[in-house]
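Student: Input file: data.txt. Contents: compact mmCIF, C-alpha atoms and all ligand atoms.
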```
# COMPACT_ATOMS: atom_id res chain seq x y z
CA MET A 682 2.09 -0.71 27.28
CA ALA A 683 4.65 -0.17 24.56
CA ILE A 684 2.31 0.65 21.73
CA ALA A 685 -0.55 3.07 21.80
CA MET A 686 -2.82 4.23 19.03
CA ALA A 687 -2.71 8.00 18.78
CA GLY A 688 -6.30 9.15 18.78
CA LYS A 689 -9.36 7.15 17.91
CA TRP A 690 -8.93 3.95 15.89
CA GLN A 691 -9.98 4.36 12.29
CA ALA A 692 -10.04 1.44 9.93
CA GLY A 693 -8.02 3.13 7.23
CA ASN A 694 -6.83 6.42 5.83
CA LEU A 695 -7.72 6.17 2.15
CA PRO A 696 -8.26 9.63 0.68
CA PRO A 697 -11.59 10.42 -0.97
CA GLU A 698 -11.63 10.33 -4.77
CA LEU A 699 -11.96 13.90 -5.96
CA THR A 700 -12.73 13.04 -9.59
CA SER A 701 -14.64 10.22 -11.24
CA LEU A 702 -12.71 7.13 -12.19
CA VAL A 703 -13.08 6.40 -15.89
CA GLY A 704 -13.12 2.75 -16.98
CA ARG A 705 -10.53 0.39 -15.50
CA ARG A 706 -13.16 -2.21 -14.51
CA ALA A 707 -11.08 -5.06 -15.96
CA GLU A 708 -7.92 -3.86 -14.22
CA LEU A 709 -9.80 -3.46 -10.93
CA ASP A 710 -11.07 -7.03 -11.21
CA VAL A 711 -7.51 -8.26 -11.77
CA VAL A 712 -6.15 -6.31 -8.81
CA ARG A 713 -8.93 -7.35 -6.43
CA THR A 714 -8.48 -10.99 -7.33
CA ALA A 715 -4.71 -10.75 -7.05
CA VAL A 716 -4.89 -9.13 -3.61
CA ARG A 717 -7.30 -11.80 -2.38
CA HIS A 718 -4.86 -14.52 -3.41
CA SER A 719 -1.45 -13.00 -2.71
CA ARG A 720 0.22 -11.17 0.11
CA LEU A 721 1.93 -8.68 -2.16
CA VAL A 722 0.71 -7.32 -5.49
CA THR A 723 2.76 -4.85 -7.49
CA LEU A 724 1.26 -2.50 -10.07
CA THR A 725 3.71 -1.25 -12.66
CA GLY A 726 3.24 1.01 -15.63
CA ILE A 727 4.47 4.23 -17.20
CA GLY A 728 4.15 7.43 -15.21
CA GLY A 729 0.64 8.82 -15.05
CA VAL A 730 -1.05 5.73 -16.48
CA GLY A 731 -3.24 5.40 -13.38
CA LYS A 732 -1.50 2.94 -11.05
CA SER A 733 -2.29 4.90 -7.89
CA ARG A 734 -5.90 5.50 -8.91
CA VAL A 735 -6.50 1.83 -9.60
CA ALA A 736 -4.72 0.75 -6.41
CA LEU A 737 -6.68 3.16 -4.24
CA ARG A 738 -10.02 2.27 -5.81
CA ALA A 739 -9.27 -1.44 -5.46
CA ALA A 740 -8.28 -0.87 -1.83
CA ALA A 741 -11.51 1.02 -1.18
CA GLU A 742 -13.52 -1.79 -2.72
CA LEU A 743 -11.66 -4.39 -0.64
CA ARG A 744 -11.65 -2.46 2.61
CA SER A 745 -14.62 -4.24 4.15
CA GLU A 746 -12.80 -7.58 3.74
CA PHE A 747 -9.98 -6.44 6.02
CA GLY A 748 -10.82 -6.14 9.69
CA GLY A 749 -7.86 -3.81 10.23
CA GLY A 750 -8.87 -1.58 7.34
CA ALA A 751 -7.13 -0.29 4.23
CA TRP A 752 -4.24 2.14 4.50
CA LEU A 753 -2.28 4.35 2.12
CA VAL A 754 1.45 4.83 2.72
CA GLY A 755 2.85 7.44 0.33
CA LEU A 756 6.57 6.90 -0.18
CA SER A 757 7.37 9.42 -2.93
CA ALA A 758 9.01 11.90 -0.56
CA LEU A 759 10.99 9.30 1.36
CA ASN A 760 14.67 8.99 0.41
CA ASP A 761 15.94 6.69 3.14
CA GLY A 762 14.88 3.10 2.62
CA GLY A 763 15.55 2.37 6.26
CA LEU A 764 12.61 4.57 7.14
CA VAL A 765 10.01 2.59 5.22
CA PRO A 766 8.81 0.82 8.40
CA HIS A 767 8.55 4.23 10.10
CA ALA A 768 6.51 5.56 7.19
CA ILE A 769 4.17 2.60 7.49
CA ALA A 770 3.90 3.07 11.25
CA GLY A 771 3.21 6.76 10.76
CA ALA A 772 0.41 6.08 8.29
CA LEU A 773 -1.05 3.54 10.71
CA ARG A 774 -0.79 6.19 13.45
CA LEU A 775 1.29 3.93 15.64
CA ALA A 776 3.16 5.50 18.52
CA ASP A 777 5.98 3.50 20.12
CA GLN A 778 7.80 4.61 23.25
CA THR A 779 10.56 2.02 23.13
CA ALA A 780 13.88 1.72 21.27
CA ARG A 781 12.86 -1.49 19.51
CA PRO A 782 13.32 -1.81 15.73
CA MET A 783 10.26 -0.44 13.98
CA THR A 784 9.80 -3.67 12.01
CA GLU A 785 9.34 -5.44 15.34
CA VAL A 786 6.85 -2.82 16.50
CA LEU A 787 4.94 -3.18 13.25
CA ALA A 788 4.96 -6.95 13.42
CA GLU A 789 3.57 -6.84 16.93
CA HIS A 790 0.85 -4.39 15.97
CA LEU A 791 -0.14 -6.35 12.88
CA SER A 792 -0.16 -9.69 14.62
CA GLY A 793 -3.71 -10.99 14.65
CA ARG A 794 -4.98 -8.16 12.45
CA GLU A 795 -5.76 -8.16 8.75
CA LEU A 796 -4.74 -4.99 6.96
CA LEU A 797 -4.52 -3.92 3.36
CA ILE A 798 -1.65 -1.49 2.85
CA VAL A 799 -1.01 0.46 -0.36
CA LEU A 800 2.67 1.41 -0.68
CA ASP A 801 2.40 4.18 -3.25
CA SER A 802 5.38 5.39 -5.30
CA CYS A 803 7.93 2.93 -3.96
CA GLU A 804 10.05 2.44 -7.07
CA HIS A 805 13.09 4.16 -5.54
CA LEU A 806 12.70 2.07 -2.37
CA ALA A 807 11.72 -1.24 -3.89
CA GLY A 808 14.24 -3.26 -1.88
CA PRO A 809 13.45 -1.80 1.56
CA ALA A 810 9.72 -1.75 0.83
CA ALA A 811 9.76 -5.42 -0.15
CA ARG A 812 11.90 -6.34 2.86
CA SER A 813 9.49 -4.56 5.20
CA SER A 814 6.53 -6.47 3.84
CA PRO A 815 7.25 -10.09 4.76
CA ARG A 816 8.42 -9.08 8.22
CA CYS A 817 5.06 -7.53 8.82
CA SER A 818 3.16 -10.54 7.63
CA PRO A 819 1.26 -12.87 7.65
CA PRO A 820 -1.90 -10.78 8.20
CA TYR A 821 -0.56 -7.87 6.20
CA ARG A 822 -1.41 -7.67 2.52
CA GLY A 823 0.10 -5.09 0.28
CA CYS A 824 -0.40 -3.35 -2.99
CA ALA A 825 2.65 -1.46 -4.23
CA CYS A 826 2.71 1.04 -7.09
CA SER A 827 5.76 1.98 -9.08
CA PRO A 828 6.79 2.76 -12.63
CA PRO A 829 8.87 -0.05 -14.12
CA ALA A 830 12.59 0.46 -14.71
CA ALA A 831 11.92 -0.01 -18.43
CA ALA A 832 8.30 0.47 -19.40
CA ARG A 833 7.34 -2.17 -21.94
CA SER A 834 3.66 -2.46 -21.19
CA LYS A 835 1.27 0.27 -20.26
CA TRP A 836 -0.05 -1.34 -17.13
CA ARG A 837 0.63 -4.54 -15.26
CA ALA A 838 -0.25 -6.22 -11.98
CA ARG A 839 2.07 -8.85 -10.54
CA ARG A 840 1.34 -11.20 -7.66
CA TRP A 841 3.96 -12.25 -5.14
CA SER A 842 2.87 -15.12 -2.91
N1 LIG A 901 -9.14 5.84 -14.94
C1 LIG A 901 -8.98 7.13 -14.59
N2 LIG A 901 -10.04 7.95 -14.53
C2 LIG A 901 -9.88 9.23 -14.20
N3 LIG A 901 -8.71 9.81 -13.90
C3 LIG A 901 -7.63 9.04 -13.94
C4 LIG A 901 -7.69 7.66 -14.28
N4 LIG A 901 -6.45 7.16 -14.24
C5 LIG A 901 -5.65 8.15 -13.87
N5 LIG A 901 -6.34 9.29 -13.68
C6 LIG A 901 -5.80 10.57 -13.30
O1 LIG A 901 -4.56 10.75 -13.98
C7 LIG A 901 -3.58 11.28 -13.09
C8 LIG A 901 -2.45 10.28 -12.96
O2 LIG A 901 -2.95 9.09 -12.36
P1 LIG A 901 -2.11 8.31 -11.26
O3 LIG A 901 -1.53 9.27 -10.29
O4 LIG A 901 -2.96 7.23 -10.73
O5 LIG A 901 -0.97 7.72 -12.17
P2 LIG A 901 0.29 6.87 -11.74
O6 LIG A 901 0.43 5.79 -12.74
O7 LIG A 901 0.17 6.45 -10.32
O8 LIG A 901 1.45 7.93 -11.91
P3 LIG A 901 2.93 7.92 -11.26
O9 LIG A 901 3.74 6.88 -11.98
O10 LIG A 901 3.43 9.31 -11.55
O11 LIG A 901 2.79 7.63 -9.81
C9 LIG A 901 -4.29 11.55 -11.77
O12 LIG A 901 -4.73 12.89 -11.77
C10 LIG A 901 -5.46 10.61 -11.81
O13 LIG A 901 -6.55 11.06 -11.02
MG MG A 902 1.29 6.88 -8.64
```
Here is the file; what I need is its structure written in the form of structure tokens.
Ligand SMILES: Nc1ncnc2c1ncn2[C@@H]1O[C@H](COP(=O)(O)OP(=O)(O)OP(=O)(O)O)[C@@H](O)[C@H]1O
Ligand SMILES: [Mg+2]
Tutor:
Amino acid sequence: MAIAMAGKWQAGNLPPELTSLVGRRAELDVVRTAVRHSRLVTLTGIGGVGKSRVALRAAAELRSEFGGGAWLVGLSALNDGGLVPHAIAGALRLADQTARPMTEVLAEHLSGRELLIVLDSCEHLAGPAARSSPRCSPPYRGCACSPPAAARSKWRARRWS
């Protein structure tokens, strides 16, 4: 078999919240609703405004609605956009022994599964991150976090169908 899960299957890798989340109920409602209705939701806002916190809390609250779990893919340290699919596969703990393109491996793994994936800090990889998403669909849903190129509003969620 080409794909094997390394270790025991776990429905997600969301980190525990180490501090209490203050407020943001309205934003969480918006994000949850947006994720339920769209395959890709982008959170934008100035640095430090709380995009990652809101995305991770929303993902935790939605986790039970996704049979394949909720997963965090941190992209801040990644410089090569071509490696976005590998970063996603790594977070999902996918091991592939073949020379196939990783997007193909991901698509095969995700086929028939419903996952919620948070692509955190993807502003410098927006193109590759977006291109990876539809190829991994339809069961994949995503929530991406990035500061806007020019910050006009403090916080914003955008749905992409
Ligand atoms: N509503 C909140 N309640 C408590 N702490 C918060 C809240 N929002 C943000 N924080 C804290 O503020 C800090 C910055 O939040 P976060 O990392 O989510 O911001 P960000 O918008 O994702 O920043 P960046 O653009 O740098 O990725 C973190 O330590 C986070 O835990
Ligand atoms: Mg962040």
Student: Can you check which parts of chain A lie within 10 Å of ligand MG 902 (chain A)? Per residue, the shortest pair of atoms and distance in Å to one decimal, counting all atoms listed in the file, sorted by chain and number, as CSV.
Tutor:
```
residue,atom,partner,partner_atom,distance
A:Leu724,CA,A:MG902,MG,9.5
A:Thr725,CA,A:MG902,MG,9.4
A:Gly726,CA,A:MG902,MG,9.3
A:Ile727,CA,A:MG902,MG,9.5
A:Gly728,CA,A:MG902,MG,7.2
A:Gly729,CA,A:MG902,MG,6.7
A:Val730,CA,A:MG902,MG,8.3
A:Gly731,CA,A:MG902,MG,6.7
A:Lys732,CA,A:MG902,MG,5.4
A:Ser733,CA,A:MG902,MG,4.2
A:Arg734,CA,A:MG902,MG,7.3
A:Val735,CA,A:MG902,MG,9.3
A:Ala736,CA,A:MG902,MG,8.9
A:Leu737,CA,A:MG902,MG,9.8
A:Gly755,CA,A:MG902,MG,9.1
A:Leu756,CA,A:MG902,MG,10.0
A:Ser757,CA,A:MG902,MG,8.7
A:Leu800,CA,A:MG902,MG,9.8
A:Asp801,CA,A:MG902,MG,6.1
A:Ser802,CA,A:MG902,MG,5.5
A:Cys803,CA,A:MG902,MG,9.0
A:Glu804,CA,A:MG902,MG,9.9
A:Ala825,CA,A:MG902,MG,9.5
A:Cys826,CA,A:MG902,MG,6.2
A:Ser827,CA,A:MG902,MG,6.6
A:Pro828,CA,A:MG902,MG,7.9
```
Student: In Å, rounded to a single decimal, give me how far CA of Arg717 in chain A is from atom O6 of ligand LIG 901 (chain A).
Tutor: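 Taking atom O6 of ligand LIG 901 (chain A) and CA of Arg717 in chain A, their separation equals 21.8 Å.
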Student: Select, from A:Gly763, A:Leu806, A:Leu797, A:Leu787, the residue with the minimum atom-to-atom distance to Leu721 in chain A, counting all atoms listed in the file.
Tutor: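 Among the listed residues, the smallest separation from Leu721 in chain A belongs to A:Leu797.
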Student: Quote the spacing between CA of Asn760 in chain A and CA of Ala780 in chain A in Å to one decimal place.
Tutor: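 So the answer is 22.1 Å.
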Student: Restricting the calculation to only C-alpha atoms, which member of A:Leu773, A:Ala758, A:Leu702, A:Ala715 is positioned closest to Leu796 in chain A?
Tutor: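 The shortest atom-to-atom distance to Leu796 in chain A comes from A:Leu773.
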Student: One number please: atom C6 of ligand LIG 901 (chain A) to CA of Val765 in chain A, in Å, one decimal.
Tutor: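 Interatomic distance here is 25.6 Å.
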Student: Residues at most 7 Å from range 692-699 of chain A, counting only C-alpha atoms, excluding those fewer than 6 positions away in the same chain, as a PyMOL selection string?
Tutor: chain A and resi 749-753
Student: Go through A:Ala739, A:Gly762, A:Ile798, A:Arg720 and flag the residue nearest Glu708 in chain A, using only C-alpha atoms for the distances.
Tutor: A:Ala739
Student: Return as lines of an AutoDock Vina configuration file the centre and edge lengths, in Å with one decimal, of the box along x, y and z that encloses every atom of range 716-723 of chain A in the file, padded by 4 Å per side.
Tutor:
```
center_x = -2.3
center_y = -9.7
center_z = -3.7
size_x = 18.1
size_y = 17.7
size_z = 15.6
```
Student: Between A:Val754, A:Glu795, A:Arg713, A:His767, which has the minimum distance to Glu742 in chain A (counting all atoms listed in the file)?
Tutor: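 Among the listed residues, the smallest separation from Glu742 in chain A belongs to A:Arg713.
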Student: Taking only C-alpha atoms and all ligand atoms into account, name the residue in A:Arg738, A:Arg794, A:His718, A:Arg744 that is nearest to ligand LIG 901 (chain A).
Tutor: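 For ligand LIG 901 (chain A), the nearest of the given residues is A:Arg738.
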Student: Of the candidates A:Ala707, A:Leu764, A:Val799, A:Ala770, which one gets nearest to Ala740 in chain A if we count all atoms listed in the file?
Tutor: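 Of the candidates, the smallest distance to Ala740 in chain A is held by A:Val799.
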